[in-house]
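See below for the structure under consideration.
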Amino acid sequence: MINEGNFGNFYKDILTFPEWQQAWNRWLAAQYADRSALAQAWNNELAESENPATASVKLPEKLDAPGPRARDTVRFLSDTERDLVQRMKAFLRDDLGCRALVSNANSWTYFVTDQGARAVYDYVDDHFYVDHPQFLEQSWRLPSRCPNTSPIAEGATGGRSKSFTRLFNKPFTITEYNYSGPGRFRGVGGILTGALGAIQGWDGIWRFAYSHSREAMFKPSRMGYFDLASDPLSQASERASLCLFLRGDLPTATNSVALTMTEADLATPAARIPRLAPRWHWLAWITRIGTEVVASPVDAASGLLVPLGWQTPASVFPAAKTIAADPYQLEEAQLWQTVRDRGLVANWNATDPARKIFQSESGGLTIDAPRDILLLDTPRTAGGYAPAGQVIATAQGRVQIRIEQSDATVWISALDHRPIRGSRRLLVTHLTDLQNTGIRYAEPERKTLLDWGRLPHLVRAGQAQVTIRSDLARSLRVWALAPNGHRLAELPVRTEGNAITFTADVAGDAAHGARMLYELAVP
């Protein structure tokens with residue numbers, strides 16, 4: 001209904017509106033019998049001059065402030081959001097006859113009690129960005145800054161925490177995401193986001209954005225923060241999402257772990273209401289995670305439950321599938337041991353949360369932060385990301401990629417209905433970095449952007465020795481492709497037994513320019 005309109009996003013503005021002050025006092029009057037009851041509940045935090053009856057109780061300066069005033073303000077905002085959406089839905093459905101699905105509150109500020117409001121949505125939505133620009137002087141004006149560090153080396157945090165916005169009994173979408181330009185690691189964003197959506201079984205993912213101008217859709221334009229149309233590298237990265245998420249190459253996890261809360265918990269919360277996502281959102285790379293809001297403990301349906309415990313103690317939930325610990329104090333070692341003990345993952349799973357090593361329930365995705373390596377190993381899509389000098393190798397040597405000269409994201413996808421081993425047509429993608437000519441930064445680490453530069457795009461030189469085991473190895477031929485898929489030149493290959501090897505070389509040649517894409521096909 002209101003894009004990125006979470007009340008907490010604009011709390012400083014809320015403090016300036018008398019209508020919000022009046023609504024806050026009306027809410028307090030409905031919650032507490034009289035001023036004395038409010039004063040007692042707030043442990044004398046109420047000033048002598050404050051009284052809901054005269055609309056004089058002030059809102060706190062900060063939502064994260066300690067004490068019952070801030071706690072009740074978060075409750076008030078959550079209740080207001082719930083009432084707002086219910087009134088909007090009634091108007092749309094009953095007065096206008098509109099049958100569109102309704103959602104709201106889809107970014108930035110999230111508290112646990114907000115899940116009570118999301119329970120009345122038709123579906124739940126959220127947004128996330130990696131390397132989103134931070135503007136240093138004026139909004140949407142240079143200079144801007146972004147971390148520009150490897151997401152793999154950090155444990156691939158992008159999008160993980162958003163899994164807790166999801167309610168397991170509602171459809172869930174990400175209607176904005178990006179690994180933003182000019183970040184040099186955006187080539188791995190397609191794999192990471194497609195893999196995350198696939199493992200979690202999300203219902204839809206939209207990248208923001210295709211293009212902000214009509215012109216850029218039909219003629220080459222310089223790379224910017226978000227637009228796919230002017231960034232061939234991000235376009236190529238997107239194809240990994242198509243294979244992993246839309247095509248289903250990486251399977252959805254069969255098990256689930258839920259932050260579980262009852263309606264009684266949300267009606268009478270703890271002394272302080274925490275931000276929604278617990279710190280164990282790393283579990284999103286292994287199995288499905290999310291939240292459940294239930295009327296009764298018997299209604300909780302997830303495989304493993306972590307109850308909020310504010311009013312409904314963990315002891316009344318089914319013991320066989322419940323972790324009796326505060327979800328916001330839960331030690332990751334205890335959680336991971338419980339996940340293993342309850343059989344949610346196989347014994348061979350290599351996950352080690354303390355070292356930021358994560359392996360999906362199926363084994364198809366492994367994130368190895370200490371080595372800065374991502375491994376993707378599914379029958380139809382395989383490869384990953386690694387620094388220069390490292391090797392990406394799948395099980396039984398089906399695919400082996402030696403990264404040379406520059407760190408890179410490289411993967412192979414079958415373009416027919418066969419696995420890589422028997423495919424008659426394969427797409428190989430080799431992504432290093434792409435920038436504009438003349439782009440300028442304030443420092444060698446390229447964190448502070450000073451000038452976008454101009455066309456043509458420049459692609460960082462790098463090579464990858466790609467070896468694929470195939471039943472058709474001696475029949476496959478290899479072509480370098482233009483970004484639009486047209487064949488540019490046939491490349492030499494080496495075959496040994498059932499393995500075919502070729503060199504992916506970004507530098508290409510003078511006639512055709514840089515290369516990122518290759519086709520292997522049986523003529």
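If you're wondering about the labels, chains in the structure tokens are A, B, ... by order shown, residues count from 1 in each chain, ligands from 1 in order shown.
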Enumerate, in order of chain and increasing residue number, the residues of range 294-330 of chain A with an atom no farther than 12 Å from range 103-122 of chain A, each with its shortest atom pair and distance in Å to one decimal, counting only C-alpha atoms, as JSON lines.
{"residue": "A:Val294", "atom": "CA", "partner": "A:Ala119", "partner_atom": "CA", "distance": 9.6}
{"residue": "A:Ala295", "atom": "CA", "partner": "A:Gly116", "partner_atom": "CA", "distance": 11.1}
{"residue": "A:Leu308", "atom": "CA", "partner": "A:Val112", "partner_atom": "CA", "distance": 9.3}
{"residue": "A:Trp310", "atom": "CA", "partner": "A:Val112", "partner_atom": "CA", "distance": 11.4}
{"residue": "A:Pro327", "atom": "CA", "partner": "A:Val112", "partner_atom": "CA", "distance": 11.3}
{"residue": "A:Tyr328", "atom": "CA", "partner": "A:Val112", "partner_atom": "CA", "distance": 10.9}
Could you please take those selected residues and save C-alpha atoms as a tab-separated table (two decimals), in the first residue's frame?
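Below is the file that was written, selection32.tsv:
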chain	number	residue	atom	x	y	z
A	294	VAL	CA	-0.21	-18.76	16.19
A	295	ALA	CA	-3.30	-18.63	18.36
A	308	LEU	CA	9.33	-16.08	21.86
A	310	TRP	CA	6.87	-13.65	26.51
A	327	PRO	CA	15.61	-16.63	20.54
A	328	TYR	CA	17.54	-13.36	20.96
Which residues of range 382-467 of chain A come within 12 Å of range 133-154 of chain A, and for each one, what is the closest pair of atoms and their distance in Å to one decimal, counting only C-alpha atoms, sorted by chain and residue number, as a tab-separated table?
residue	atom	partner	partner_atom	distance
A:Gly384	CA	A:Ile152	CA	10.5
A:Tyr385	CA	A:Ile152	CA	8.3
A:Ala386	CA	A:Ile152	CA	8.9
A:Pro387	CA	A:Ser150	CA	9.8
A:Asp407	CA	A:Ser150	CA	10.1
A:Ala408	CA	A:Ser150	CA	11.0
A:Thr409	CA	A:Ile152	CA	11.1
A:Asp433	CA	A:Asn148	CA	11.8
A:Arg440	CA	A:Pro143	CA	10.2
A:Tyr441	CA	A:Pro143	CA	9.0
A:Ala442	CA	A:Pro143	CA	9.1
A:Glu443	CA	A:Arg145	CA	11.0
A:Pro444	CA	A:Asn148	CA	11.3
A:Glu445	CA	A:Asn148	CA	7.7
A:Arg446	CA	A:Asn148	CA	7.0
A:Lys447	CA	A:Cys146	CA	5.3
A:Thr448	CA	A:Arg145	CA	4.4
A:Leu449	CA	A:Ser144	CA	5.3
A:Leu450	CA	A:Pro143	CA	5.0
A:Asp451	CA	A:Leu142	CA	7.2
A:Trp452	CA	A:Leu142	CA	8.9
Dump as a PDB file, in the first residue's frame, selection limited to C-alpha atoms:
ATOM      1  CA  GLY A 384      30.910 -20.505  -7.992  1.00  0.00           C
ATOM      2  CA  TYR A 385      33.165 -17.663  -6.933  1.00  0.00           C
ATOM      3  CA  ALA A 386      36.820 -17.654  -5.879  1.00  0.00           C
ATOM      4  CA  PRO A 387      39.830 -15.316  -5.680  1.00  0.00           C
ATOM      5  CA  ASP A 407      38.841 -13.057  -8.715  1.00  0.00           C
ATOM      6  CA  ALA A 408      35.734 -14.152 -10.586  1.00  0.00           C
ATOM      7  CA  THR A 409      32.323 -15.734 -10.545  1.00  0.00           C
ATOM      8  CA  ASP A 433      34.291  -6.688 -12.828  1.00  0.00           C
ATOM      9  CA  ARG A 440      36.956   7.916 -10.472  1.00  0.00           C
ATOM     10  CA  TYR A 441      37.239   6.897  -6.816  1.00  0.00           C
ATOM     11  CA  ALA A 442      38.751   8.628  -3.806  1.00  0.00           C
ATOM     12  CA  GLU A 443      40.901   5.667  -2.748  1.00  0.00           C
ATOM     13  CA  PRO A 444      42.450   2.455  -4.133  1.00  0.00           C
ATOM     14  CA  GLU A 445      39.833   0.332  -2.305  1.00  0.00           C
ATOM     15  CA  ARG A 446      37.170   2.004  -4.498  1.00  0.00           C
ATOM     16  CA  LYS A 447      34.736   2.756  -1.698  1.00  0.00           C
ATOM     17  CA  THR A 448      34.053   6.450  -2.416  1.00  0.00           C
ATOM     18  CA  LEU A 449      32.739   7.222  -5.914  1.00  0.00           C
ATOM     19  CA  LEU A 450      33.590  10.668  -7.295  1.00  0.00           C
ATOM     20  CA  ASP A 451      32.675  10.461 -11.004  1.00  0.00           C
ATOM     21  CA  TRP A 452      30.719   7.866 -12.997  1.00  0.00           C
TER      22      TRP A 452
END
Name the residues in contact with range 355-370 of chain A at a cut-off of 7 Å, using only C-alpha atoms, excluding same-chain residues fewer than 2 positions from it; report them as a list in words. Ile152, Ala153, Glu154, Gly155, Leu250, Ala253, Trp285, Ile286, Thr287, Val345, Asn349, Ala350, Thr351, Asp352, Pro353, Asp372, Ile373, Leu374, Leu375, Leu376, Asp377 and Thr378 of chain A
Could you write those residues out with N, CA and C atoms, as a compact mmCIF listing (two decimals), in the first residue's frame?
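Generated file (result_28.txt):
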# COMPACT_ATOMS: atom_id res chain seq x y z
N ILE A 152 31.14 -12.93 0.03
CA ILE A 152 31.43 -14.32 0.42
C ILE A 152 32.33 -14.34 1.64
N ALA A 153 33.35 -13.49 1.67
CA ALA A 153 34.27 -13.44 2.81
C ALA A 153 33.58 -13.02 4.09
N GLU A 154 32.43 -12.37 3.97
CA GLU A 154 31.67 -11.93 5.15
C GLU A 154 30.57 -12.91 5.54
N GLY A 155 30.47 -14.03 4.83
CA GLY A 155 29.43 -15.01 5.14
C GLY A 155 28.14 -14.80 4.39
N LEU A 250 18.44 -25.51 -7.84
CA LEU A 250 18.77 -25.72 -6.44
C LEU A 250 17.47 -25.98 -5.68
N ALA A 253 14.71 -26.26 0.60
CA ALA A 253 14.94 -27.07 1.78
C ALA A 253 13.64 -27.71 2.24
N TRP A 285 20.98 -20.09 4.89
CA TRP A 285 21.74 -20.79 3.85
C TRP A 285 21.65 -22.31 3.98
N ILE A 286 21.08 -22.81 5.07
CA ILE A 286 21.03 -24.25 5.29
C ILE A 286 19.62 -24.79 5.12
N THR A 287 18.66 -24.15 5.80
CA THR A 287 17.28 -24.64 5.76
C THR A 287 16.32 -23.46 5.77
N VAL A 345 19.52 -31.84 9.17
CA VAL A 345 20.56 -31.90 8.15
C VAL A 345 21.26 -33.25 8.26
N ASN A 349 26.89 -32.73 6.41
CA ASN A 349 26.80 -31.29 6.20
C ASN A 349 27.98 -30.58 6.85
N ALA A 350 28.66 -29.75 6.07
CA ALA A 350 29.93 -29.14 6.50
C ALA A 350 29.77 -27.81 7.22
N THR A 351 28.55 -27.39 7.53
CA THR A 351 28.32 -26.09 8.16
C THR A 351 29.10 -25.95 9.48
N ASP A 352 29.72 -24.80 9.66
CA ASP A 352 30.42 -24.44 10.90
C ASP A 352 30.14 -22.97 11.14
N PRO A 353 29.07 -22.65 11.88
CA PRO A 353 28.67 -21.24 12.03
C PRO A 353 29.77 -20.35 12.60
N ASP A 372 37.01 -17.47 1.22
CA ASP A 372 36.37 -16.55 0.27
C ASP A 372 35.94 -17.30 -0.99
N ILE A 373 35.33 -18.48 -0.81
CA ILE A 373 34.93 -19.32 -1.93
C ILE A 373 33.45 -19.69 -1.81
N LEU A 374 32.74 -19.58 -2.91
CA LEU A 374 31.37 -20.05 -3.05
C LEU A 374 31.38 -21.23 -4.02
N LEU A 375 30.77 -22.34 -3.63
CA LEU A 375 30.69 -23.52 -4.48
C LEU A 375 29.23 -23.84 -4.75
N LEU A 376 28.90 -23.93 -6.02
CA LEU A 376 27.56 -24.29 -6.47
C LEU A 376 27.66 -25.64 -7.17
N ASP A 377 26.91 -26.64 -6.69
CA ASP A 377 27.06 -28.00 -7.20
C ASP A 377 25.69 -28.65 -7.33
N THR A 378 25.02 -28.39 -8.46
CA THR A 378 23.75 -29.05 -8.76
C THR A 378 23.88 -29.73 -10.11
Step one, run DSSP on the backbone; step two, keep only residues of range 171-329 of chain A assigned to helix (DSSP H, G or I); then write them as a PDB file with C-alpha atoms, in the first residue's frame.
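And here's part33.pdb as it stands now:
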ATOM      1  CA  ARG A 186      27.973  -7.665  -7.986  1.00  0.00           C
ATOM      2  CA  GLY A 187      28.680 -10.565 -10.351  1.00  0.00           C
ATOM      3  CA  VAL A 188      28.089 -13.034  -7.519  1.00  0.00           C
ATOM      4  CA  GLY A 189      24.744 -11.444  -6.583  1.00  0.00           C
ATOM      5  CA  GLY A 190      22.724 -13.489  -9.068  1.00  0.00           C
ATOM      6  CA  ILE A 191      23.923 -16.771  -7.609  1.00  0.00           C
ATOM      7  CA  LEU A 192      23.494 -15.666  -4.012  1.00  0.00           C
ATOM      8  CA  THR A 193      19.996 -14.241  -4.436  1.00  0.00           C
ATOM      9  CA  GLY A 194      18.737 -17.050  -6.667  1.00  0.00           C
ATOM     10  CA  ALA A 195      20.162 -19.606  -4.255  1.00  0.00           C
ATOM     11  CA  LEU A 196      18.663 -17.910  -1.197  1.00  0.00           C
ATOM     12  CA  GLY A 197      15.218 -17.697  -2.796  1.00  0.00           C
ATOM     13  CA  ALA A 198      15.450 -21.320  -3.911  1.00  0.00           C
ATOM     14  CA  ILE A 199      16.521 -22.710  -0.520  1.00  0.00           C
ATOM     15  CA  GLN A 200      13.862 -20.674   1.269  1.00  0.00           C
ATOM     16  CA  GLU A 215      16.688   5.560 -23.810  1.00  0.00           C
ATOM     17  CA  ALA A 216      18.902   3.170 -21.836  1.00  0.00           C
ATOM     18  CA  MET A 217      16.642   0.265 -22.800  1.00  0.00           C
ATOM     19  CA  LEU A 228      20.318  -3.857 -15.481  1.00  0.00           C
ATOM     20  CA  ALA A 229      19.825  -2.316 -18.906  1.00  0.00           C
ATOM     21  CA  SER A 230      23.111  -0.414 -18.647  1.00  0.00           C
ATOM     22  CA  PRO A 232      25.995  -6.183 -18.955  1.00  0.00           C
ATOM     23  CA  LEU A 233      27.701  -7.820 -15.982  1.00  0.00           C
ATOM     24  CA  SER A 234      24.572  -7.685 -13.796  1.00  0.00           C
ATOM     25  CA  GLN A 235      22.463  -8.916 -16.724  1.00  0.00           C
ATOM     26  CA  ALA A 236      24.729 -11.935 -17.011  1.00  0.00           C
ATOM     27  CA  SER A 237      24.593 -12.469 -13.253  1.00  0.00           C
ATOM     28  CA  GLU A 238      20.790 -12.537 -13.375  1.00  0.00           C
ATOM     29  CA  ARG A 239      20.824 -15.740 -15.441  1.00  0.00           C
ATOM     30  CA  ALA A 240      22.088 -17.658 -12.418  1.00  0.00           C
ATOM     31  CA  SER A 241      18.919 -16.623 -10.562  1.00  0.00           C
ATOM     32  CA  LEU A 242      16.790 -17.812 -13.467  1.00  0.00           C
ATOM     33  CA  CYS A 243      18.361 -21.267 -13.296  1.00  0.00           C
ATOM     34  CA  LEU A 244      18.568 -21.680  -9.530  1.00  0.00           C
ATOM     35  CA  PHE A 245      15.283 -20.064  -8.503  1.00  0.00           C
ATOM     36  CA  LEU A 246      12.853 -20.074 -11.436  1.00  0.00           C
ATOM     37  CA  GLU A 263      -1.090 -13.799  19.802  1.00  0.00           C
ATOM     38  CA  ALA A 264      -0.837 -13.546  23.611  1.00  0.00           C
ATOM     39  CA  ASP A 265       2.905 -12.838  23.322  1.00  0.00           C
ATOM     40  CA  LEU A 266       2.295  -9.962  20.942  1.00  0.00           C
ATOM     41  CA  ALA A 267      -0.574  -8.538  22.999  1.00  0.00           C
ATOM     42  CA  ARG A 279      21.421 -13.085  14.896  1.00  0.00           C
ATOM     43  CA  TRP A 280      21.111 -16.682  13.684  1.00  0.00           C
ATOM     44  CA  HIS A 281      19.766 -15.687  10.273  1.00  0.00           C
ATOM     45  CA  TRP A 282      22.863 -17.463   8.847  1.00  0.00           C
ATOM     46  CA  LEU A 283      20.643 -20.541   9.053  1.00  0.00           C
ATOM     47  CA  ALA A 284      18.903 -19.268   5.891  1.00  0.00           C
ATOM     48  CA  TRP A 285      21.744 -20.785   3.849  1.00  0.00           C
ATOM     49  CA  PRO A 297       1.064 -23.745  20.551  1.00  0.00           C
ATOM     50  CA  VAL A 298      -0.694 -26.703  18.910  1.00  0.00           C
ATOM     51  CA  ASP A 299      -0.995 -24.636  15.727  1.00  0.00           C
ATOM     52  CA  ALA A 314       8.340 -22.836  25.603  1.00  0.00           C
ATOM     53  CA  SER A 315       7.328 -25.682  27.904  1.00  0.00           C
ATOM     54  CA  VAL A 316       3.785 -25.776  26.462  1.00  0.00           C
ATOM     55  CA  ALA A 319       8.994 -30.759  23.427  1.00  0.00           C
ATOM     56  CA  ALA A 320      10.288 -32.937  20.595  1.00  0.00           C
ATOM     57  CA  LYS A 321      10.591 -29.979  18.237  1.00  0.00           C
TER      58      LYS A 321
END
What parts of range 145-204 of chain A does DSSP call strand (DSSP E)? I'd like the answer as a count of residues only. 10
With distances taken over only C-alpha atoms, which residue among A:Glu490, A:Gly343, A:Val459, A:Thr73 lies nearest Ala514 in chain A?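 Residue with the minimum atom-to-atom distance to Ala514 in chain A: A:Val459.
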Extract, using only C-alpha atoms, all DNA, RNA and protein residues at most 12 Å from Asn43 in chain A, discarding same-chain residues fewer than 3 positions from it, and format them as a compact mmCIF listing (two decimals) with N, CA and C atoms, in the first residue's frame.
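File written: out-v5.txt
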# COMPACT_ATOMS: atom_id res chain seq x y z
N SER A 36 -3.42 6.32 36.62
CA SER A 36 -2.71 5.60 37.69
C SER A 36 -2.23 4.24 37.20
N ALA A 37 -3.06 3.56 36.41
CA ALA A 37 -2.66 2.26 35.88
C ALA A 37 -1.49 2.40 34.92
N LEU A 38 -1.51 3.47 34.15
CA LEU A 38 -0.40 3.72 33.23
C LEU A 38 0.88 4.01 34.02
N ALA A 39 0.77 4.84 35.03
CA ALA A 39 1.94 5.20 35.84
C ALA A 39 2.53 3.97 36.52
N GLN A 40 1.66 3.10 37.01
CA GLN A 40 2.15 1.88 37.66
C GLN A 40 2.84 0.97 36.65
N LEU A 46 6.23 8.00 33.93
CA LEU A 46 5.28 9.01 33.49
C LEU A 46 5.49 10.31 34.27
N ALA A 47 5.63 11.43 33.56
CA ALA A 47 5.80 12.73 34.22
C ALA A 47 4.48 13.21 34.82
N GLY A 67 13.06 1.07 28.49
CA GLY A 67 11.92 1.45 29.30
C GLY A 67 10.59 1.21 28.64
N PRO A 68 9.52 1.23 29.45
CA PRO A 68 8.18 0.88 28.95
C PRO A 68 7.59 1.89 27.98
N ARG A 69 8.02 3.15 28.02
CA ARG A 69 7.45 4.14 27.09
C ARG A 69 7.80 3.74 25.64
N ALA A 271 9.65 -6.58 28.42
CA ALA A 271 10.00 -5.22 28.83
C ALA A 271 10.55 -4.39 27.69
